[in-house]
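Heads up: the structure comes next, in structure tokens.
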Amino acid sequence: MGICVSLSSRKTPEIDPALFARHPTDLQEELEDYKRETIRLSRVYELNRKLGETLDLDSMLGVFSRWVSRKIDHELVALRHSGCLRTPMACSCHGPYRQKLVDAATRLFENSMDQEILNQLERLGLVAQRWILDREGNDCLLMIHREDSLAEYGHLQEVEAVLGDLRGPLERALVYENLYDQARKDALTGLVNRRVFMERAEQERIKADRYHCPLVLACLDLDYFKEINDSLGHGEGDLVLKKVSQTFLGMIRDADLLARTGGDEFALILPNTTLANAGMLMTRICDKVRELNIVASTSTVLGVSIGLAPWEKHDDLSQWWEKADAALYRAKAGGRSQVSL
């Protein structure tokens, strides 16, 4: 016996007329929201792509600053990170105005409620915004922007939304900078190594030639350092090298460049310095090392022998170095702990 179902007996489901009654304005708003979100995601992708191309903190901040500038009229972006010994900044200004903003950022990192600085910025039509990047509050991003940017708070929210995207590139840049520093510095003393020194020496030589400025190279070698290692051990010798390095650094200018070029050997570039002035400085350094009164053995005290050579126009870098090195050996042969030209 078959079962017959009458189609005419089935009840047709009701369709909500509201599904077809949506106002065109609603659809337009949804389309606009979709368009805005697409643009936002495209901007975030662009930021991440460009951050991925950077290798150092300064470049990273520059990329971030340029990305933000499309939305927020700002003057400076700065970063403080517990793993970084410096405070990288990207600033679009120059001269005294730039220095004023850099000083303001430095103080705001120490105290975000520094009323004196906040008032100074307000008089310039500026506002400081600071974001914490880690749970401990050690890592911060600071932006100094135009006060009228606050009217567009949605733009600041867009910045806040991508702060998490900075973490990966930030950590990678720190690792890169640490590796870069390790490759260019002496691990024991923190001075630049021989490779960096020779690069800088060549630059200074070219600059001296261009601007007709005097330039002097000094080769320094510690006297009786081997006796310290032999009698007291290499650990004590390392401490002596650190102490002597700091003594040297305390007597030279920021423009001068000091390097550790060997075990107990150092080199020093003195830009815009005459041979006579270099000789007086090196004599003071010899005296200062003797005053440290580091006993190398029962009958000797640590000293330093120094050879000086002015750069001359016809000299290349290797010839210049050979002249300073030859002067150093004359100082050694002449009795040590002295300066030779």
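Ordered as shown in the structure tokens, chains take letters A, B, and onward, while each chain numbers its residues from 1 and ligands are numbered from 1 in the order shown.
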Checklist entry - Taking the backbone alone, and naming residues the way the document does, which bits of region 47-154 of chain A are strand (DSSP E) by DSSP, as a PyMOL selection string? => result chain A and resi 74-80+89-91+126-132+140-146
Next on the checklist: Give me, as a ChimeraX atom specification, all polymer residues having an atom no more than 10 Å from Ile144 (chain A), counting only C-alpha atoms and skipping those fewer than 4 positions away in the same chain.
Outcome noted: /A:73-78,91,101-102,104-105,121,126-130
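Distance check against Leu188 (chain A) using only C-alpha atoms: of A:Pro169, A:Gly164, A:Pro214, A:Gly235, the minimum falls on A:Gly235.
When only C-alpha atoms are used to measure the gap to Val44 (chain A), the shortest distance among A:Val162, A:Ile269, A:Cys286, A:Leu118 belongs to A:Val162.
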Checklist entry - Which value, in Å to one decimal, gives the distance between CA of Ala278 (chain A) and CA of Asp238 (chain A)? => result 27.5 Å
Checklist entry - Hey, what does DSSP flag as alpha helix (DSSP H) within region 122-268 of chain A? Can you give it to me as number ranges by chain? => result A: 122-123, 153-162, 167-184, 194-211, 225-232, 234-249
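Interatomic distance, CA of His212 (chain A) to CA of Phe266 (chain A): 26.2 Å.
Each of A:Asp181, A:Asp148, A:Asp287, A:Glu46 was compared to Trp67 (chain A) using only C-alpha atoms, and A:Glu46 turns out to be the nearest.
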Shell of 10 Å around region 247-249 of chain A, only C-alpha atoms, local chain residues under 5 positions omitted, as a short mmCIF file (atom, residue, chain, number, x, y, z; two decimals) with C-alpha atoms, in the first residue's frame:
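Now in selection38.cif:
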data_model
loop_
_atom_site.label_atom_id
_atom_site.label_comp_id
_atom_site.auth_asym_id
_atom_site.auth_seq_id
_atom_site.Cartn_x
_atom_site.Cartn_y
_atom_site.Cartn_z
CA LEU A 191 86.84 49.84 23.38
CA LEU A 241 93.66 46.31 31.29
CA LYS A 242 90.20 47.58 32.25
CA ASP A 254 84.92 62.65 22.74
CA ASP A 256 89.31 61.18 19.85
CA LEU A 257 89.13 57.44 19.18
CA LEU A 258 90.81 54.87 21.42
CA PHE A 266 96.28 50.36 22.19
CA LEU A 268 94.62 56.49 19.56
CA MET A 282 100.77 61.62 25.86
CA ILE A 285 99.11 59.85 30.09
CA CYS A 286 102.51 58.29 30.83
CA LYS A 288 99.02 59.02 34.99
CA VAL A 289 99.71 55.33 34.33
CA LEU A 292 98.34 54.08 39.27
#
Just want the 6 Å neighbourhood of Asp223 (chain A), counted on only C-alpha atoms, with same-chain residues fewer than 3 positions away dropped. Output as an mmCIF file with C-alpha atoms, in the first residue's frame.
data_model
loop_
_atom_site.group_PDB
_atom_site.id
_atom_site.type_symbol
_atom_site.label_atom_id
_atom_site.label_comp_id
_atom_site.auth_asym_id
_atom_site.auth_seq_id
_atom_site.Cartn_x
_atom_site.Cartn_y
_atom_site.Cartn_z
ATOM 1 C CA LEU A 302 103.427 49.244 35.156
ATOM 2 C CA GLY A 303 104.059 51.975 32.590
ATOM 3 C CA VAL A 304 103.159 52.805 28.990
#
Checklist entry - CA of Leu222 (chain A) to CA of Asp315 (chain A): how many Å, to one decimal? => result 26.8 Å
Residues near region 218-220 of chain A, anyone? I mean within 6 Å using only C-alpha atoms, not counting same-chain ones fewer than 3 positions away, as a PDB file with N, CA and C atoms, in the first residue's frame.
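As written to disk, result-v8.pdb reads:
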ATOM      1  N   GLU A 265      98.180  46.267  23.793  1.00  0.00           N
ATOM      2  CA  GLU A 265      98.466  47.320  22.829  1.00  0.00           C
ATOM      3  C   GLU A 265      97.203  48.136  22.551  1.00  0.00           C
ATOM      4  N   PHE A 266      97.391  49.430  22.439  1.00  0.00           N
ATOM      5  CA  PHE A 266      96.284  50.356  22.185  1.00  0.00           C
ATOM      6  C   PHE A 266      96.693  51.319  21.076  1.00  0.00           C
ATOM      7  N   ALA A 267      95.712  51.944  20.459  1.00  0.00           N
ATOM      8  CA  ALA A 267      95.980  52.967  19.451  1.00  0.00           C
ATOM      9  C   ALA A 267      94.989  54.106  19.661  1.00  0.00           C
ATOM     10  N   LEU A 268      95.433  55.306  19.309  1.00  0.00           N
ATOM     11  CA  LEU A 268      94.621  56.489  19.562  1.00  0.00           C
ATOM     12  C   LEU A 268      94.720  57.443  18.373  1.00  0.00           C
ATOM     13  N   SER A 305     104.555  52.911  27.026  1.00  0.00           N
ATOM     14  CA  SER A 305     105.407  53.545  26.022  1.00  0.00           C
ATOM     15  C   SER A 305     104.530  53.964  24.851  1.00  0.00           C
ATOM     16  N   ILE A 306     104.817  55.147  24.291  1.00  0.00           N
ATOM     17  CA  ILE A 306     103.941  55.716  23.266  1.00  0.00           C
ATOM     18  C   ILE A 306     104.750  56.232  22.095  1.00  0.00           C
ATOM     19  N   GLY A 307     104.299  55.883  20.899  1.00  0.00           N
ATOM     20  CA  GLY A 307     104.895  56.417  19.682  1.00  0.00           C
ATOM     21  C   GLY A 307     103.893  57.289  18.941  1.00  0.00           C
ATOM     22  N   LEU A 308     104.334  58.459  18.469  1.00  0.00           N
ATOM     23  CA  LEU A 308     103.457  59.413  17.784  1.00  0.00           C
ATOM     24  C   LEU A 308     103.892  59.612  16.343  1.00  0.00           C
ATOM     25  N   ALA A 324     104.138  55.473  13.293  1.00  0.00           N
ATOM     26  CA  ALA A 324     103.794  55.509  14.723  1.00  0.00           C
ATOM     27  C   ALA A 324     104.348  54.284  15.440  1.00  0.00           C
TER      28      ALA A 324
END
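Of the residues under consideration (A:His234, A:Leu133, A:Arg336, A:Ser318), A:Leu133 shows the shortest atom-to-atom contact distance to Asp165 (chain A) when counting only C-alpha atoms.
Nearest residue to Val68 (chain A) among A:Thr106, A:Gln99, A:Leu85, A:Met143 is A:Met143, counting only C-alpha atoms.
Residues in contact with Gly190 (chain A) at 10 Å, where only C-alpha atoms are counted and same-chain residues fewer than 4 positions away are skipped, are listed as Asp181, Gln182, Arg184, Lys185, Asp186, Lys242, Ser245, Gln246, Ala259 and Arg260 of chain A.
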Take the residues just selected and output them with N, CA and C atoms as a PDB file, in the first residue's frame.
ATOM      1  N   ASP A 181      77.519  45.209  17.947  1.00  0.00           N
ATOM      2  CA  ASP A 181      78.442  45.798  18.914  1.00  0.00           C
ATOM      3  C   ASP A 181      79.542  44.813  19.297  1.00  0.00           C
ATOM      4  N   GLN A 182      79.144  43.555  19.497  1.00  0.00           N
ATOM      5  CA  GLN A 182      80.137  42.544  19.875  1.00  0.00           C
ATOM      6  C   GLN A 182      81.181  42.373  18.782  1.00  0.00           C
ATOM      7  N   ARG A 184      82.273  44.650  16.821  1.00  0.00           N
ATOM      8  CA  ARG A 184      83.060  45.851  16.616  1.00  0.00           C
ATOM      9  C   ARG A 184      83.771  46.341  17.876  1.00  0.00           C
ATOM     10  N   LYS A 185      83.529  45.667  19.003  1.00  0.00           N
ATOM     11  CA  LYS A 185      84.142  46.109  20.253  1.00  0.00           C
ATOM     12  C   LYS A 185      84.971  45.012  20.893  1.00  0.00           C
ATOM     13  N   ASP A 186      85.954  45.438  21.648  1.00  0.00           N
ATOM     14  CA  ASP A 186      86.745  44.514  22.440  1.00  0.00           C
ATOM     15  C   ASP A 186      85.916  44.081  23.645  1.00  0.00           C
ATOM     16  N   LYS A 242      91.419  46.762  32.106  1.00  0.00           N
ATOM     17  CA  LYS A 242      90.200  47.575  32.247  1.00  0.00           C
ATOM     18  C   LYS A 242      90.518  48.902  32.926  1.00  0.00           C
ATOM     19  N   SER A 245      92.454  51.166  30.580  1.00  0.00           N
ATOM     20  CA  SER A 245      91.571  51.660  29.520  1.00  0.00           C
ATOM     21  C   SER A 245      90.739  52.832  30.012  1.00  0.00           C
ATOM     22  N   GLN A 246      90.183  52.704  31.214  1.00  0.00           N
ATOM     23  CA  GLN A 246      89.385  53.786  31.778  1.00  0.00           C
ATOM     24  C   GLN A 246      90.242  55.026  32.057  1.00  0.00           C
ATOM     25  N   ALA A 259      91.349  52.592  20.794  1.00  0.00           N
ATOM     26  CA  ALA A 259      91.058  51.194  20.492  1.00  0.00           C
ATOM     27  C   ALA A 259      92.064  50.289  21.179  1.00  0.00           C
ATOM     28  N   ARG A 260      91.608  49.098  21.513  1.00  0.00           N
ATOM     29  CA  ARG A 260      92.538  48.050  21.936  1.00  0.00           C
ATOM     30  C   ARG A 260      92.851  47.223  20.697  1.00  0.00           C
TER      31      ARG A 260
END
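You can rank A:Ala296, A:Val63, A:Val244, A:Leu166 by their closest distance to Asp134 (chain A) using only C-alpha atoms, and at the top of that list sits A:Leu166.
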